[in-house]
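What's in data24.cif: mmCIF, C-alpha atoms
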```
data_data
#
loop_
_atom_site.group_PDB
_atom_site.id
_atom_site.type_symbol
_atom_site.label_atom_id
_atom_site.label_comp_id
_atom_site.auth_asym_id
_atom_site.auth_seq_id
_atom_site.Cartn_x
_atom_site.Cartn_y
_atom_site.Cartn_z
ATOM 1 C CA LEU D 23 5.575 16.593 -6.355
ATOM 2 C CA ASP D 24 7.981 17.879 -9.016
ATOM 3 C CA ALA D 25 7.967 21.345 -7.424
ATOM 4 C CA ALA D 26 8.751 19.870 -4.007
ATOM 5 C CA PHE D 27 11.611 17.826 -5.450
ATOM 6 C CA ARG D 28 13.050 20.923 -7.181
ATOM 7 C CA ARG D 29 12.758 22.915 -3.949
ATOM 8 C CA LEU D 30 14.545 20.114 -2.062
ATOM 9 C CA ALA D 31 17.177 19.721 -4.839
ATOM 10 C CA VAL D 32 16.145 16.096 -5.435
ATOM 11 C CA GLU D 33 16.953 14.703 -8.873
ATOM 12 C CA VAL D 34 14.570 12.025 -10.101
ATOM 13 C CA ARG D 35 15.643 9.441 -12.682
ATOM 14 C CA GLU D 36 12.707 7.344 -13.825
ATOM 15 C CA HIS D 37 13.182 4.021 -15.603
ATOM 16 C CA ALA D 38 16.930 4.085 -14.918
ATOM 17 C CA ARG D 39 18.405 0.628 -14.393
ATOM 18 C CA VAL D 40 20.871 0.503 -11.521
ATOM 19 C CA ALA D 41 23.902 -1.748 -11.926
ATOM 20 C CA GLU D 42 25.722 -0.941 -8.658
ATOM 21 C CA VAL D 43 25.130 1.060 -5.467
ATOM 22 C CA HIS D 44 28.099 2.496 -3.563
ATOM 23 C CA ASP D 45 28.485 4.741 -0.519
ATOM 24 C CA ASP D 46 28.889 7.912 -2.609
ATOM 25 C CA HIS D 47 27.461 7.049 -6.029
ATOM 26 C CA VAL D 48 25.219 4.830 -8.135
ATOM 27 C CA THR D 49 26.323 3.297 -11.414
ATOM 28 C CA LEU D 50 23.635 2.845 -14.059
ATOM 29 C CA GLU D 51 23.583 -0.069 -16.512
ATOM 30 C CA GLY D 52 25.045 2.076 -19.304
ATOM 31 C CA GLY D 53 28.005 2.974 -17.086
ATOM 32 C CA GLU D 54 26.835 6.467 -16.118
ATOM 33 C CA ARG D 55 27.917 7.319 -12.570
ATOM 34 C CA LEU D 56 25.621 9.457 -10.408
ATOM 35 C CA GLY D 57 27.255 11.022 -7.355
ATOM 36 C CA ALA D 58 25.026 11.227 -4.290
ATOM 37 C CA ASP D 59 25.207 12.173 -0.637
ATOM 38 C CA VAL D 60 22.197 9.922 -0.059
ATOM 39 C CA THR D 61 20.731 7.265 -2.319
ATOM 40 C CA ILE D 62 17.060 6.377 -1.966
ATOM 41 C CA TRP D 63 16.221 3.352 -4.045
ATOM 42 C CA ALA D 64 12.449 3.307 -4.596
ATOM 43 C CA THR D 65 11.557 0.124 -6.421
ATOM 44 C CA GLY D 66 8.350 -1.817 -6.756
ATOM 45 C CA PHE D 67 7.019 -4.305 -4.268
ATOM 46 C CA ARG D 68 8.267 -7.850 -4.263
ATOM 47 C CA VAL D 69 6.359 -10.681 -2.660
ATOM 48 C CA PRO D 70 8.323 -13.421 -0.885
ATOM 49 C CA GLY D 71 7.929 -16.873 -2.413
ATOM 50 C CA LEU D 72 6.505 -18.434 0.760
ATOM 51 C CA ALA D 73 2.902 -18.865 -0.460
ATOM 52 C CA ARG D 74 4.013 -20.480 -3.726
ATOM 53 C CA GLN D 75 6.526 -22.716 -1.931
ATOM 54 C CA ALA D 76 3.828 -23.790 0.539
ATOM 55 C CA GLY D 77 1.601 -24.915 -2.322
ATOM 56 C CA PHE D 78 -1.000 -22.148 -2.237
ATOM 57 C CA SER D 79 -2.617 -20.908 -5.437
ATOM 58 C CA VAL D 80 -0.873 -17.645 -6.296
ATOM 59 C CA ASP D 81 -1.004 -14.987 -9.013
ATOM 60 C CA ASP D 82 1.876 -14.149 -11.372
ATOM 61 C CA ASP D 83 3.459 -11.972 -8.658
ATOM 62 C CA GLY D 84 3.358 -14.770 -6.068
ATOM 63 C CA ARG D 85 0.502 -13.315 -4.032
ATOM 64 C CA MET D 86 -1.996 -15.758 -2.530
ATOM 65 C CA LEU D 87 -5.258 -15.953 -4.462
ATOM 66 C CA VAL D 88 -8.151 -15.308 -2.105
ATOM 67 C CA ASP D 89 -11.930 -15.285 -2.450
ATOM 68 C CA SER D 90 -14.233 -12.355 -1.690
ATOM 69 C CA THR D 91 -13.922 -13.063 2.055
ATOM 70 C CA LEU D 92 -10.103 -13.266 1.971
ATOM 71 C CA ARG D 93 -9.930 -17.050 2.239
ATOM 72 C CA SER D 94 -7.325 -18.878 0.172
ATOM 73 C CA VAL D 95 -8.938 -20.386 -2.944
ATOM 74 C CA SER D 96 -6.774 -23.488 -2.583
ATOM 75 C CA HIS D 97 -6.580 -23.919 1.216
ATOM 76 C CA ARG D 98 -9.962 -22.890 2.634
ATOM 77 C CA GLU D 99 -8.739 -22.865 6.254
ATOM 78 C CA VAL D 100 -6.199 -20.095 5.515
ATOM 79 C CA TYR D 101 -6.864 -16.376 5.086
ATOM 80 C CA GLY D 102 -4.604 -14.015 3.139
ATOM 81 C CA ILE D 103 -4.113 -10.327 3.912
ATOM 82 C CA GLY D 104 -1.713 -7.499 3.206
ATOM 83 C CA ASP D 105 0.770 -7.392 0.356
ATOM 84 C CA ALA D 106 0.954 -11.199 0.295
ATOM 85 C CA ALA D 107 -2.653 -11.565 -0.938
ATOM 86 C CA ALA D 108 -4.213 -10.681 -4.301
ATOM 87 C CA VAL D 109 -7.378 -9.052 -2.975
ATOM 88 C CA ARG D 110 -10.177 -8.115 -5.365
ATOM 89 C CA THR D 111 -13.429 -6.302 -4.749
ATOM 90 C CA ALA D 112 -16.772 -7.774 -5.848
ATOM 91 C CA ASP D 113 -16.485 -5.956 -9.201
ATOM 92 C CA GLY D 114 -13.081 -7.583 -9.839
ATOM 93 C CA ARG D 115 -10.907 -4.533 -9.092
ATOM 94 C CA GLU D 116 -7.578 -5.560 -7.580
ATOM 95 C CA LEU D 117 -6.495 -3.606 -4.526
ATOM 96 C CA ARG D 118 -3.018 -2.118 -4.660
ATOM 97 C CA MET D 119 -0.206 -3.149 -2.385
ATOM 98 C CA ALA D 120 -0.126 -0.383 0.203
ATOM 99 C CA CYS D 121 -0.330 0.297 3.907
ATOM 100 C CA ALA D 122 -3.674 1.970 3.153
ATOM 101 C CA THR D 123 -4.960 -1.443 2.100
ATOM 102 C CA GLY D 124 -3.393 -3.700 4.723
ATOM 103 C CA LEU D 125 -5.026 -2.685 8.006
ATOM 104 C CA PRO D 126 -8.634 -2.364 6.771
ATOM 105 C CA VAL D 127 -8.361 -5.640 4.833
ATOM 106 C CA ALA D 128 -6.906 -7.374 7.907
ATOM 107 C CA GLN D 129 -9.874 -6.188 9.940
ATOM 108 C CA GLN D 130 -12.232 -7.513 7.247
ATOM 109 C CA ALA D 131 -10.494 -10.899 7.490
ATOM 110 C CA VAL D 132 -10.991 -10.903 11.268
ATOM 111 C CA ARG D 133 -14.692 -10.116 10.787
ATOM 112 C CA ALA D 134 -14.967 -12.935 8.197
ATOM 113 C CA ILE D 135 -13.351 -15.437 10.565
ATOM 114 C CA ALA D 136 -15.609 -14.310 13.441
ATOM 115 C CA ALA D 137 -18.690 -14.613 11.231
ATOM 116 C CA ARG D 138 -17.779 -18.147 10.168
ATOM 117 C CA LEU D 139 -17.075 -19.187 13.758
ATOM 118 C CA ALA D 140 -20.524 -17.859 14.710
ATOM 119 C CA GLY D 141 -22.152 -19.816 11.874
ATOM 120 C CA ARG D 142 -22.868 -16.721 9.745
ATOM 121 C CA THR D 143 -21.924 -16.008 6.151
ATOM 122 C CA PRO D 144 -19.222 -13.306 6.066
ATOM 123 C CA ASP D 145 -19.619 -10.161 4.020
ATOM 124 C CA PRO D 146 -17.466 -9.888 0.905
ATOM 125 C CA VAL D 147 -14.603 -7.399 0.743
ATOM 126 C CA ARG D 148 -15.867 -3.861 0.379
ATOM 127 C CA PHE D 149 -13.134 -1.313 0.040
ATOM 128 C CA ARG D 150 -12.573 2.156 -1.281
ATOM 129 C CA TYR D 151 -9.563 4.421 -1.246
ATOM 130 C CA ALA D 152 -9.632 8.080 -0.194
ATOM 131 C CA ASN D 153 -6.149 9.288 -1.108
ATOM 132 C CA GLN D 154 -2.559 8.472 -1.915
ATOM 133 C CA CYS D 155 0.135 9.979 0.294
ATOM 134 C CA VAL D 156 3.787 10.808 -0.251
ATOM 135 C CA SER D 157 5.832 12.013 2.712
ATOM 136 C CA LEU D 158 8.738 14.309 1.966
ATOM 137 C CA GLY D 159 10.051 14.799 5.472
ATOM 138 C CA ARG D 160 8.371 16.283 8.526
ATOM 139 C CA HIS D 161 7.377 19.524 6.786
ATOM 140 C CA ASP D 162 6.481 18.561 3.234
ATOM 141 C CA GLY D 163 4.384 16.049 1.403
ATOM 142 C CA LEU D 164 1.769 15.410 -1.213
ATOM 143 C CA ILE D 165 -1.748 14.085 -0.736
ATOM 144 C CA GLN D 166 -3.565 13.112 -3.947
ATOM 145 C CA PHE D 167 -7.261 12.575 -3.283
ATOM 146 C CA VAL D 168 -8.809 9.738 -5.265
ATOM 147 C CA ARG D 169 -12.144 8.186 -6.065
ATOM 148 C CA GLY D 170 -13.021 4.920 -4.357
ATOM 149 C CA ASP D 171 -11.491 3.020 -7.296
ATOM 150 C CA ASP D 172 -8.140 4.813 -6.698
ATOM 151 C CA SER D 173 -8.388 7.085 -9.765
ATOM 152 C CA PRO D 174 -7.284 10.676 -9.029
ATOM 153 C CA VAL D 175 -9.573 13.664 -8.605
ATOM 154 C CA GLU D 176 -8.512 17.276 -8.967
ATOM 155 C CA MET D 177 -7.817 17.843 -5.280
ATOM 156 C CA VAL D 178 -4.280 17.812 -3.969
ATOM 157 C CA LEU D 179 -2.648 18.961 -0.744
ATOM 158 C CA THR D 180 1.041 19.889 -0.644
ATOM 159 C CA GLY D 181 3.609 21.328 1.736
ATOM 160 C CA ARG D 182 3.112 21.534 5.498
ATOM 161 C CA VAL D 183 -0.636 20.888 5.248
ATOM 162 C CA ALA D 184 0.057 17.599 3.456
ATOM 163 C CA ALA D 185 2.708 16.676 6.032
ATOM 164 C CA ALA D 186 0.233 17.323 8.873
ATOM 165 C CA TYR D 187 -2.452 15.297 7.080
ATOM 166 C CA LYS D 188 -0.067 12.352 6.627
ATOM 167 C CA GLU D 189 0.984 12.622 10.280
ATOM 168 C CA ALA D 190 -2.685 12.347 11.295
ATOM 169 C CA ILE D 191 -3.033 9.209 9.157
ATOM 170 C CA VAL D 192 0.020 7.644 10.782
ATOM 171 C CA LYS D 193 -1.202 8.503 14.288
ATOM 172 C CA SER D 194 -4.657 7.074 13.585
ATOM 173 C CA THR D 195 -3.056 3.894 12.231
ATOM 174 C CA VAL D 196 -0.960 3.509 15.368
ATOM 175 C CA MET D 197 -4.081 4.038 17.473
ATOM 176 C CA ALA D 198 -5.957 1.400 15.451
ATOM 177 C CA LEU D 199 -3.100 -1.059 15.933
ATOM 178 C CA ARG D 200 -3.042 -0.446 19.680
ATOM 179 C CA HIS D 201 -6.843 -0.569 19.913
ATOM 180 C CA PRO D 202 -8.012 -3.073 17.273
ATOM 181 C CA TRP D 203 -11.645 -2.868 18.343
ATOM 182 C CA ILE D 204 -11.816 0.654 16.830
ATOM 183 C CA PRO D 205 -13.187 0.237 13.262
ATOM 184 C CA THR D 206 -11.014 1.634 10.473
ATOM 185 C CA ARG D 207 -13.683 1.543 7.818
ATOM 186 C CA MET D 208 -15.975 4.479 7.328
ATOM 187 C CA PRO D 209 -19.712 4.014 7.981
ATOM 188 C CA GLY D 210 -21.633 2.758 4.969
ATOM 189 C CA ARG D 211 -18.612 1.245 3.263
#
```

As structure tokens, what does this structure read like?
Amino acid sequence: LDAAFRRLAVEVREHARVAEVHDDHVTLEGGERLGADVTIWATGFRVPGLARQAGFSVDDDGRMLVDSTLRSVSHREVYGIGDAAAVRTADGRELRMACATGLPVAQQAVRAIAARLAGRTPDPVRFRYANQCVSLGRHDGLIQFVRGDDSPVEMVLTGRVAAAYKEAIVKSTVMALRHPWIPTRMPGR
């Protein structure tokens, strides 16, 4: 990633606290002014306060607490998915907020609801990651392959190959959204 940023003349400032953003510069808390043609502000995720305000049990970040079948622990008739839910696997591992999590978890919630409506006990959340992706335009990117628990392995794709890989992920996601009956989980998972 660092090599791609150098090649693209992108300067990265980690842990810098931004005081003001303007059309042509950013001012940091200490007063330092950084000129920029384009400012990309990549911050962490923030969960809206809706679940807390509605009286649901939430974690410290405001995400709805759900059981192993994605049902709210405080309002059993409600299911939580996506970045608004604190989803954990059976071994207690919390799933990260990411698009890679949202669609498969949503499909698991649908299967849980269908199972309950049919009088069956739904399966608990089973989830594993395959990679983490960073797009750097149409012709560059980084794909970090990971173990199922999201810890990195020593396999990385970069450049045009990574961009093509990410494009395939996006296209398959669009297809899954248009055709929700197509399973997004891999067999045996």

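Take atom CA of D:Arg118 and atom CA of D:Asp89: the distance between them is 16.1 Å.
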
What residues come out when you apply the PyMOL selection byres ((chain D and resi 54) around 12) to this file, written as a list of chain:residue names?
D:Ala38, D:Arg39, D:Val40, D:Ala41, D:Glu42, D:His47, D:Val48, D:Thr49, D:Leu50, D:Glu51, D:Gly52, D:Gly53, D:Arg55, D:Leu56, D:Gly57

- Query: Of the candidates D:Thr143, D:Ser157, D:Ser79, D:Thr195, which shows the shortest atom-to-atom distance to D:Val95, using only C-alpha atoms?
  - Reply: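 Closest to D:Val95 of all the choices is D:Ser79.
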
Within 7 Å of D:Leu92, counting all atoms listed in the file, which residues qualify if same-chain residues fewer than 2 places away don't, as an MDAnalysis selection string? chainID D and resid 88:90 94 101:103 131

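The residue that comes closest to D:Ala107, out of D:Val168, D:Leu125, D:Leu87, D:Ala190 and on the basis of all atoms listed in the file, is D:Leu87.
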
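Using only C-alpha atoms, the nearest neighbour of D:Cys121 within the list D:Val69, D:Ile191, D:Met86, D:Gly159 is D:Ile191.
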
Practice prompt. Would you mind reading off the distance between atom CA of D:Asp24 and atom CA of D:Gly124, one decimal, in Å?
Written response: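 These atoms are spaced 28.0 Å apart.
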
In Å and to one decimal, atom CA of D:Ile135 is distant from atom CA of D:Arg93 by 9.1 Å
